[in-house]
Every structure is written in C-alpha cells, then in structure tokens.
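Engineer: Structure below; questions to follow.
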Amino acid sequence: MDALLASAGPLISNNKKNYKGKTSSSSSSNYIKKQGPTSHQTITRKDGTKIDPSLDSILGNTRIPSSFHQSNLATGSGSGSGSGSKPLISDLDLSKIKDKKLRSKLTRQDLNNKQLILERNQVNDWINKSISGSKGEIEVEEELGEKTWRIKQNEIQNFIGTSNKSKKFDLKFEGMGSYKIDYTKNGRHLAIASSSGHVATFDWQAGKLHSEIQLKESVRDIKFLHSEDFYAVAQKRYVFIYDQNGVELHKLKQHIDPTHMEFLPYHYLLTTVGHAGYLKYHDTSTGVMLTQIPTHLGSPHSMAQNPHSAIIHLGHANGTMSLWSPNMTTPHVKLLAHRGPVNGIAVDPSEGSAGRYVATSGMDGMVKIWDGRMWGKEVRQWHVRNQITNLAYSGMGMLSVGGKSGVTIYKDLQEGNLNNTPTPYLTLPLPSLTCSSIKFCPFEDLLCIGHEKGISSLLIPGSGEPNFDSNEADLYETYSRKRERDVRGLLDKIKPELITLDTDFLGKINESRGGETFEERNKRSFRQLGRLERLRINGKADENEINQLESENENENENELKQNTKEEKIKRKMKGKGGSTSRYLRKKQKKNIIDNSLLTMKAKVSAQRKAEETKRKIASGEIIKETGALARFG
Amino acid sequence: MISRSLDDHLPSSSTAPHPLQRNLAPHLHPFQKPREYARAMTAVKIDRMFAKPFVDALGGHQDGVYCLGKDSRRVGVVAGGGGDGEVIVHSLTLRRPLLKIPNAHKGMVGGICWTSERQDGRRSMITAGKLDGNLKLWKSSAFTPGQKSNFNGSEFASGSGIQENLDSTGAIGENGLNFDEDDNEEIDEEEGGGLNIDSKVRDELGEKLEPNMIWTNKNGFNGIDHHRTDGVFATASNTVQIWDENRSAPLSNLQFGSSLETVNKVKFNQSETSVLASVGNDRTMCLYDIRTGKAERRIVMQFVSNAISWCPTLPTMMLLTSEDHNLYTFDIRNLNSPNQIYKGHVGGVMGCDWSPTGEEFVSGSYDRTVRLWNRETGKSRDVYHTKRMQRVFDVTYTPTADFVLSASDDGNVRIWKSNASKKLGPVSTKERQAIEHRQKLIERYSTEKGVKSIKDRRHVPQSIHNATKLKRDMIESRKVKEDRRRDHSRAGREKPKAERKKAVIVEQK
C-alpha cells in the first residue's frame, strides 16, 4: 500500500504537509530510497550537470534532430545563427492565476505563438528576401538635384529589360466615353467598361481577349467577381452579371441605378450603392440579397473596401466618409473628412498598414491620410492643385492621386515630417484628359488609368508586391488549380456576420449578457454570475491579462488605447436630489404643514448629516478621534 | 521593376507538379481567423455527420445481461453473464457466440473474470453465482478457436511446444479462419465450438461442458476480480474473500473492522497488484492489501457506489460510480474529497471502465445511456443510446481502446465505437493528416459559440431530456433556497460547502 503511494507522482493537494509527515515516519520509506532515484529527483553528474530522470528517460533510446536542439532553435535575436541564442521567455504576468495547470497551459500557448511568429518571419525572410536588398524603386542622385518625379515614362522604359517593356501600353478608344477598369485578384486579367457601353475583359499579359460587348447604354462601373469567369457591370438601370464569354447570366433587379460596386472576395458579397443612397449586399454564391441599408446621405461620390476587414467606405456629397458592414444599419464610423464632396477613397493594403491607413480626397482639393485606429484627426493632409477624381493604393503602399490632366504618385506617406506637403515620387501627365479610374496592378509595377481616350498602363517601379503567394493569388494559375481554388474558396466562405471593424475579435471573451435588464442583473446571486464577474468580485480578475492573451497583436499602441478607453468608462456616482428621504421632505415642506413625522424626519436627516460631517473631518484630520477609555463619553 | 521568369513559375514538364510560391507575411493572408473559423465549422459539422457509434449488438441471451467479463489480454473475446444463469462467450470479430453455457449458475450471474495465464489457450474463465453461491472455473478450447492446442492430455502440464501461434491471434481474425484442414476436422470432431458455424453442435458442447472447479459459499457473490499476474482472485459477498485457483477454501476473509455490510464489487489495482478496493452497501469504499490481509482505509459517502475501477496508468487514481447519478475519481492519497465529479447521467450509474490509456473512461447507467468521459473534464464527451437498449448494467473498454461494450437489460451486448466519428478500416496518410488537421481546428475553436454548440449538441431521448431538465431545475431551486437562507442568517453562520467536500462523509483508518 505504501509502496503504491510512494511510487506514484507528486500529489497536488491542500494538505500536503500532513502527508509528508506521514511518509517520513513510516518504516517502508527507507526501503524505497534504496531502489534508486524516484521519478522526480535529479541526479548530479560528474561534470556538474543535472539530469531529471523523468525528463530524460527516453533520451537513451531516441535522438532529437539537431535542428530541434535548444541551442539551434529559432530565438528572439533573429540572427539565425544558432549558438549562443537565448531561449524564448514568456512575458505574461500570470501570478494572479492560482491554477498551476492553467498557468502552464497559458505560458505554453504564449511561447508557442511567439515561436510560430518567429519561425514564420524567418522562413519568409529566407524565401522572399530581395536579391538586391532594395525595394526596386527608382534611385537618383539627390545631391545633384535630380528628382524622381522628373523622370518620364520613356526614360524608365529605356532602363528596363525587354520583358517589361511591353507592359507599358495604351488602348485607344476614341469617342467611347471615359473608362472604368478592374483587375482580378492575381492581376492577370483586366476588365474595362466605357461610359457609353463598351465592355471588354482580357488577359493583358497574354494579350488574349475573353469577351467584348457593346451594351449600348451607359455603364457606371465594372467589377470582377471571385475569378475571371464572372464580372458584374453596373448599367443604366440594374446590375448585370456576365460570364467569361460575355454572356449575360443574371440581371440583379434589386440594384437600381447603381453607381459604384465592390466585391468582397472572401465573403462572396457584391456590394453596390446607387443614386438613392442604398447600400446593398448581394451574396453571389447563393444569389440571395443579404441586406440593403439606407445611408440617408444621398448619392455617394466614392466607394472603397478595406481588403483586411471587408468594411465598405463611402464618400458622400456633404464631405463625410462613412464605414459600413452588413451587420449594422448605422455606420460604424462617420466622420467629416472634407469641405466638399469626398470623391476618392483608398485603403492601404501594404505590409506596414494592413488596412489601417485610409486616404481620402475631396472636391476642396485636399488629400488626407487617416489612421483607422484613431479617426479623430488625420495623420497627414496636403493640397493638390489639379482637381482630384480618384485615389488608389498599391501593394507596397504607394498612393496615386488621379485628377484632371495627370496622376501623381506618392510614397512613404507615414514617414518624414507629417506637416509638410509630400514630394511626389512620380508624376504622370495626361494632357487634356481626366482620369476616371485608376488601379494598381496587383503583384506588378504597373498602374492602369482609365480616361476619355481609352486606358493606359504605366510603369511605376517599386509599387507592386513582388512576392505573391500561390495559395492566395496565383499569377500562373493552371486550370486544375483554378478549379481547386473555386471549391476551396466556397468551402472557406466567411459568414457576413463576421465582418467587423476589429478583425481580431473572434475567440475573445464576450462579457456582456444580452437582453438583461438592470434588475435581472442585480438579482442574480453570486453563484449565478458569470465566471469573469465572480472573479471580479473576488478581486482575482486580471483584465489586462485577458486583453493581452487574446490580442496576439504585437502592437502596443493598440493595447494602450484599449486601456485608456476602459478607464474612461468608470463613472463616479453622485448623490443627487433623487434620494427618498430628501424627496419626502421636499414634498412635505411644500404643503407647509408641520406635523410630528416631519419633525422626526428632519431630526433624523440633520443627525445623519452631522455624523457624516464628523466622519469627513476625522478622515481629513480636522478632528482627532478620541480612542482612549474616555471615548465613550463623546 | 518586377520581372518574373516563366521557368520558375511553370511546371518543368507536363507531369510535374505546379510550382508553388509562398509568402507567409500576414498582410497577404487577410481574414486569417475568420477563414480558419469557417474551416473549423466545416470540420465540426463533418465530425458530427460521420458520428455513427453503434457497431453491432451481440444477442443470444435469454435474459438481461448483468455482467461482462473482459479478458484484458485479448481483444476479440468477451463473456456476458445473464440474469438466468447463462454465460455466453462472445467473439467480437465474428460477432457471434463462441460458446454458450446455458445453466452455468442457478439464478443470476454475479460476475465473470478470466484467469491470468500468459498464453491464451490456457486461460480459463471463472464465473460467480449471485444466488447459488457458487464459483465455477471453466476451461474449453472453444474460448480460443483456431489454435493448435490439444487440451486432452496435458491441460496443466507446463507445455512445451503446445502453443505455436498463440498470443498473436488475439481473437479469430483471418489467420484463425485459414488454418489447416486437418486441424479443422480435429476440432470439429472433438469440440464443435469455436469457429464452428453449426450452432447446434456448439450448443450441445456448451450444455455438456462441466466446470473444472467449483467452490461453494453460503452467501451469493456480487462481484469477482482476478489478480493481474498470480493465480489468486477476490470475490465480493458479505465480506471480501481471497481465493487461490488451486485451493478449495478461501485464503482469507477481508473486512474493515467488524462491519457487516454486503460488498458489491471488488477490483484489484493494476500496478500495485496486491492492493484491492471494494464498494459496499453501507455507502462505503474500502482499500485492502492482500499481503498484510488487512483493510487499510475506508470512506463513507453520501450515496452507495455501484462499481469501481482503477486507472491503468495512474496507479493511485480510482473511479467510483455512484447511485446519485455521478461518477467520482479519487486519488487514494487524499480520500477526503474526490479529485473530480463527473455529472451527466440522470440515473444511477451501474458500471464503468477505464480506457487502456487512462485518459478516458466509459460509464453505463440505469437511465439507458452509455457516456464517455475525459478524465480531466466533468462533463461527458459523448452519450450513446438506442431505442432498444434498456438499462445498462455493465460497460467495458476493449483492450485496444477502439470500442466500448455495454451489457443491458434487454439481453444484448452492444459494441460501440469509442470515438463516434472515427473511420474503421485503413486510413491513408493524406486522409489521416486531414483528420488530424480538422481535429486541431475543432479543438482550437471549441470555445467559440458556433463550433461549441455543434460539437456539444447531442440528441437524447425525450425521457432523458426531460429528466435532465427536471434535475437541473431541482438542483437550481435547492441552491437558490440555500442562498436565500444564507442571506437571512447571521453572516458566517452558514458557509457554502464545496461540492467536492459534500461527497465524502467520513474517512476511516
């Protein structure tokens, strides 16, 4: 019996002390010691190192690959060289959590996360390191007064290889009206639509035309759906969906007078907004209209989606920009961006921003950069001379501002002196033309401009993300891989309910209990409270901890922001006139009748006030309270 | 300028795989969490869609099956003891009886166990009568069909070369069916049981079969368990008795003090093999050591325990099934409160068994359900029931942990998968990887409402559903009442007692 007890592992219990006493006194414990080390004793070796037999019990029979040895594991230094690197340490403060198992589990999770992020970065560095070490932008000798914005397209064309020369091209369609353009997600296919009804889709790299149709009515926008097989066209009255061959598949009658369209590729939602100002979400995988939300702000002047949160941004005639999701009938955010209609919105998808920075332009000639974490004030603003019509962000975070008679490209807008007007990176003059639509080609150093005389594809070195991921957007997609992607995409289709401003909310603790009144909440006994509430009452809840655990975000600013808002929420309660006794007194006094009950009540109130007064004075130190034997005499 | 070479991005030949380029930077993979969540939803739905736990029912009993005898050294054989004294040895692989002993006992069978010989062919079965007070030891070649063993001459001789393909057979797989014709004839002539499909011959053999050994006692036996290695077994009657296989009288009687309770079940510890535990009618659980022949410790609980089981991997861990619908695990070093309470049944829990890994266990209840549990969590992982299954009296895990067996009142032994949605049969590497990936996803998002509701939702019969609701309401109102009483009594007078402290009344030494 005792042998059984002794051979088992350590016991975690409250009365550990008692137990220890018992075994030491029992006779059989001596016998066990002779048997050699039990599983939780360490053995000291000759060279001074210690071995834990329970840890190293399999070491004799197994060999860990050298890449997994502690000294060779990836660590925080990021140097890559294994020897001498420190092991990862969790910096969570879990001292408040009593449960040992939970604590170790959380630590393990945290370490795992850190390790994974580290390994991901190292692998990515290794795969996608640029050869020259630069971003591929134009470099000039600034000491000699050379400016990048003075460089013209044909100068660039002279410097680059032959394979890239053909990427600069113009398609001239005279007298067809101004053109709208759209790229597919991998940037391989291009759709163009003129305001007079000329629609074409083609593989611009191979020069292969997929479809070309003359609709003979005004067309306001064109958008590819999830692949190049389908595209939606916002026509005079309704939205139509065509297939790759230009065959009309659907007429979406619910979308009346559409002016702008966006397609959310991961949610399979076609979003349109029309002259009436109704924002409509249409599920293209099921064909069901999801919601239509009245914006109450009239016909919008611009529309953009945030590719990282699927939030739709609308720019309105009164200078406001509003952020929408299908889950709310009111905008998530509504801000006065410009003194005049907002006619251009673009969201920065690049690595540094990941959907955080938004650029807007207005008829007032201003361009403003906003930070999605704090909408209160713009990050940067400047005035542009020509009238702006369009904005677009590239994969590397370059902003192109298109307007009358030219397009200007800016880069590194979040850096440098934010009060200055930024110097342009490139200027692309379009004499006597107004650009009606601009788009950067994904994963290429190209900008496509739609204008009154067709479209022009221009070279912008360093604008495109050079390293694509075949599992997200494959530039060289084969037929079988495309089929696979279609099916996978539908299986992984995200529910529209998950569209939120905070993309990281999944898996966090939801504190609020919905649909509960104040009385119901107060009536619940301690036992019926939620776990977090109970911990809070016991003073064991560590809210900062919880926040930290959930947000795998390395961003500290965000955390600080959260804490600040939490603190603001605490309100001091003040005693007002609403107390029952004072109300009673007030009513009685109004009647001007003095009776016994009023007198007693008055006496009670005054005594109460007096007691409070003395209490306050004692607390502040004005009166020193008698504590001796005489205290009882007052 | 970006310039890509087609050589890097197109397959080198028409049959070569398409080259993939990866960029793991998070900004190229938007909506990572929602997409993973969508995958987890699909995974959990697939998991529930393929959840078909019922494999087969082994019939043949004339009355209800009240005890199961698992041979822990063999996968494919289990014996069921009926209410009419009939014992049937079932083959799980053939899904039919190997041998039927119609009148093994007069009245109900109290317990069945297998002896501990290392070779399959030598092992025999001991049955205990609940009413007639007999213990019988049975030996037959039909228990190990398809084996080249001859019992005629040297049953107890220390065999040399008797068993050639033993221990490897486990049960009667394909190997068993393909043996030589000579042996086949031999067995057919001699025995007629085992692999023989002819049920008439088999039944005749069973009727003729005489026990090798009979022990008698004044009191009936409620339970029996065999020592892991030695030829010693313990029985539960009005005391705990230790018997040797070769002696006619019990080696010793074990009792705690002078208590006169009826003992319900006994179980030997699997690691420290001379320690055994019993549960008795006086709501007790008692620990004994057969080397000293003394009762060591005893606890008295609020309700009577029906069965007991030792964890095979944690030597100090034991599981009790209680009449109060709960199961309790105890660490025997700290008997004054259970380690964990497992709630979920709505009837008294009649039987339990650990999985061979000691991470999970199964329980069968009077509420006609079988539940599977994780050692760490107090809620059941899964619940099994069928329309035809009546009150469950005994359950066991098979030694491979793939299946769970339940013995019920309706006279059937049922085979269930221990993991309801697991695929039987060979699984390719790709498929296994996909399954593992899905499991990980489910685990990761199992706290999220959408996944959780699908994962945890089980359809149970209306009666159980209603009973659960009623029970919940009753407990809730009782607790609310307690709260109110506490609110209106002097502060500190009535302190709330932890649920785990309530279970044990007293620990005696």
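Naming works like this for the structure tokens: A, B, ... for the chains as they're shown, residue 1 at the start of each chain, ligands 1 onward in shown order.
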Using only C-alpha atoms, which protein or nucleic acid residues come within 8 Å of Gly358 in chain B? Drop anything in the same chain fewer than 5 positions from it, and give the result as number ranges by chain.
Structural biologist: B: 311-314, 375
Engineer: Could you write those residues out with C-alpha atoms, as a PDB file, in the first residue's frame?
Structural biologist:
ATOM      1  CA  CYS B 311      -6.930   3.743 -13.632  1.00  0.00           C
ATOM      2  CA  PRO B 312      -4.456   1.627 -15.598  1.00  0.00           C
ATOM      3  CA  THR B 313      -1.857   4.384 -15.958  1.00  0.00           C
ATOM      4  CA  LEU B 314      -2.211   6.441 -12.787  1.00  0.00           C
ATOM      5  CA  ARG B 375     -10.561  12.265 -17.095  1.00  0.00           C
TER       6      ARG B 375
END
Engineer: List as CSV every residue of chain A that is in contact with chain B, defined as an atom at most 8 Å from one of its atoms (using only C-alpha atoms), together with the nearest atom pair and the distance in Å rounded to one decimal, sorted by chain and then rising number.
Structural biologist:
residue,atom,partner,partner_atom,distance
A:Met1,CA,B:Asp289,CA,6.4
A:Ala3,CA,B:Glu272,CA,7.9
A:Leu4,CA,B:Glu272,CA,5.7
A:Leu5,CA,B:Arg333,CA,6.8
A:Ala8,CA,B:Pro315,CA,6.6
A:Leu11,CA,B:Arg333,CA,7.8
A:Ser13,CA,B:Asn334,CA,7.6
A:Arg120,CA,B:Leu24,CA,6.6
A:Asn121,CA,B:Ala25,CA,7.5
A:Asn124,CA,B:Leu24,CA,5.9
A:Ile127,CA,B:Asn23,CA,7.6
A:Asn128,CA,B:Asn23,CA,7.0
A:Gly136,CA,B:Met1,CA,5.9
A:Glu137,CA,B:Met1,CA,7.6
A:Ile160,CA,B:Met1,CA,7.3
A:Ser163,CA,B:Ser3,CA,7.3
A:Asn164,CA,B:Ser3,CA,6.7
A:Pro307,CA,B:Pro30,CA,7.3
A:His308,CA,B:Pro30,CA,5.2
A:Ser309,CA,B:Phe31,CA,7.1
A:Pro349,CA,B:His27,CA,7.2
A:Ser350,CA,B:His27,CA,6.7
A:Glu351,CA,B:His27,CA,5.4
A:Ala354,CA,B:His27,CA,5.5
A:Glu444,CA,B:Ile2,CA,6.3
A:Asp445,CA,B:Met1,CA,6.2
A:Ile460,CA,B:Met1,CA,8.0
A:Pro461,CA,B:Met1,CA,5.0
A:Gly462,CA,B:Met1,CA,6.3
A:Gly464,CA,B:Ile2,CA,7.7
A:Pro466,CA,B:Ile2,CA,6.3
A:Asn467,CA,B:Asn23,CA,6.2
A:Phe468,CA,B:Asn23,CA,6.0
A:Asp469,CA,B:Arg22,CA,4.4
A:Ser470,CA,B:Gln21,CA,5.3
A:Asn471,CA,B:Arg22,CA,7.4
A:Glu472,CA,B:His29,CA,7.1
A:Tyr476,CA,B:His9,CA,6.6
A:Leu491,CA,B:Arg39,CA,7.5
A:Asp492,CA,B:Ala38,CA,5.5
A:Lys493,CA,B:Ala38,CA,6.8
A:Ile494,CA,B:Ala38,CA,6.0
A:Lys495,CA,B:Ala38,CA,7.7
A:Leu498,CA,B:Pro34,CA,7.0
A:Thr503,CA,B:Phe31,CA,7.2
A:Asp504,CA,B:Lys33,CA,7.2
A:Leu506,CA,B:Lys33,CA,6.9
A:Gly507,CA,B:Glu448,CA,6.0
A:Ser525,CA,B:Asp483,CA,7.5
Engineer: Selected residues, C-alpha atoms, written as a CSV table (one decimal), in the first residue's frame, please.
Structural biologist:
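Saved result, out_0.csv, follows:
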chain,number,residue,atom,x,y,z
A,1,MET,CA,0.0,0.0,0.0
A,3,ALA,CA,4.8,1.3,-1.8
A,4,LEU,CA,2.0,2.2,-4.2
A,5,LEU,CA,1.7,5.6,-2.7
A,8,ALA,CA,3.1,7.5,-7.7
A,11,LEU,CA,0.2,14.9,-5.2
A,13,SER,CA,-3.5,18.8,-2.6
A,120,ARG,CA,7.2,32.4,-39.9
A,121,ASN,CA,9.3,35.5,-40.2
A,124,ASN,CA,9.6,34.2,-45.0
A,127,ILE,CA,12.1,32.5,-49.1
A,128,ASN,CA,11.4,36.1,-50.1
A,136,GLY,CA,13.0,48.2,-56.5
A,137,GLU,CA,12.2,51.9,-56.5
A,160,ILE,CA,14.3,48.2,-68.0
A,163,SER,CA,10.3,41.6,-70.9
A,164,ASN,CA,8.9,44.5,-69.0
A,307,PRO,CA,-9.4,44.4,-48.0
A,308,HIS,CA,-8.4,43.4,-44.5
A,309,SER,CA,-11.7,43.9,-42.7
A,349,PRO,CA,-3.2,47.1,-48.1
A,350,SER,CA,0.6,47.1,-47.7
A,351,GLU,CA,2.6,45.3,-45.0
A,354,ALA,CA,-2.7,46.1,-43.4
A,444,GLU,CA,3.2,44.1,-60.8
A,445,ASP,CA,4.9,47.5,-61.0
A,460,ILE,CA,5.7,52.6,-61.6
A,461,PRO,CA,8.9,50.9,-60.3
A,462,GLY,CA,8.6,49.6,-56.8
A,464,GLY,CA,3.9,46.2,-56.6
A,466,PRO,CA,7.0,41.2,-55.6
A,467,ASN,CA,6.3,38.0,-53.7
A,468,PHE,CA,2.9,36.5,-54.3
A,469,ASP,CA,1.5,33.5,-52.5
A,470,SER,CA,0.2,30.8,-54.8
A,471,ASN,CA,-2.4,29.8,-52.3
A,472,GLU,CA,-4.0,33.2,-52.2
A,476,TYR,CA,0.4,31.5,-63.1
A,491,LEU,CA,-15.9,26.0,-48.5
A,492,ASP,CA,-14.0,28.7,-46.7
A,493,LYS,CA,-16.5,31.4,-47.4
A,494,ILE,CA,-16.7,33.6,-44.4
A,495,LYS,CA,-20.1,34.4,-42.9
A,498,LEU,CA,-18.1,38.2,-39.0
A,503,THR,CA,-10.9,41.8,-37.3
A,504,ASP,CA,-9.3,40.0,-34.3
A,506,LEU,CA,-13.0,36.0,-32.8
A,507,GLY,CA,-12.2,33.9,-29.8
A,525,SER,CA,-26.9,35.6,-6.8
Engineer: Quick one: pick out all helix (DSSP H, G or I) residues within range 418-544 of chain A from a backbone DSSP run and write them as a PyMOL selection string.
Structural biologist: chain A and resi 479-491+496-498+518-523+526-528+531-538+543-544
Engineer: What gap, in Å, lies between CA of Ile438 in chain A and CA of Asp221 in chain A?
Structural biologist: 12.4 Å
Engineer: Can you check which residues of range 311-421 of chain B DSSP gives as strand (DSSP E or B) on the backbone and send them as number ranges by chain?
Structural biologist: B: 317-322, 327-331, 334, 340-343, 349-354, 360-365, 370-374, 379-384, 392-397, 403-408, 413-417
Engineer: Quick one: of B:Met474, B:Leu98, B:Ala234, B:Leu320, who's nearest to Ser199 in chain B, counting only C-alpha atoms?
Structural biologist: B:Leu98
Engineer: Neighbours of Gln340 in chain B within 6 Å (only C-alpha atoms; same-chain residues fewer than 2 positions away dropped), as a short mmCIF file (atom, residue, chain, number, x, y, z; two decimals) with C-alpha atoms, in the first residue's frame?
Structural biologist:
data_model
loop_
_atom_site.label_atom_id
_atom_site.label_comp_id
_atom_site.auth_asym_id
_atom_site.auth_seq_id
_atom_site.Cartn_x
_atom_site.Cartn_y
_atom_site.Cartn_z
CA TYR B 328 -16.11 10.32 -8.81
CA THR B 329 -12.40 9.93 -9.26
CA PRO B 338 -12.82 13.38 -4.81
#
Engineer: Extract, using only C-alpha atoms, all DNA, RNA and protein residues at most 10 Å from Lys334 in chain A, discarding same-chain residues fewer than 4 positions from it, and format them as a ChimeraX atom specification.
Structural biologist: /A:313-315,320-324,330,375
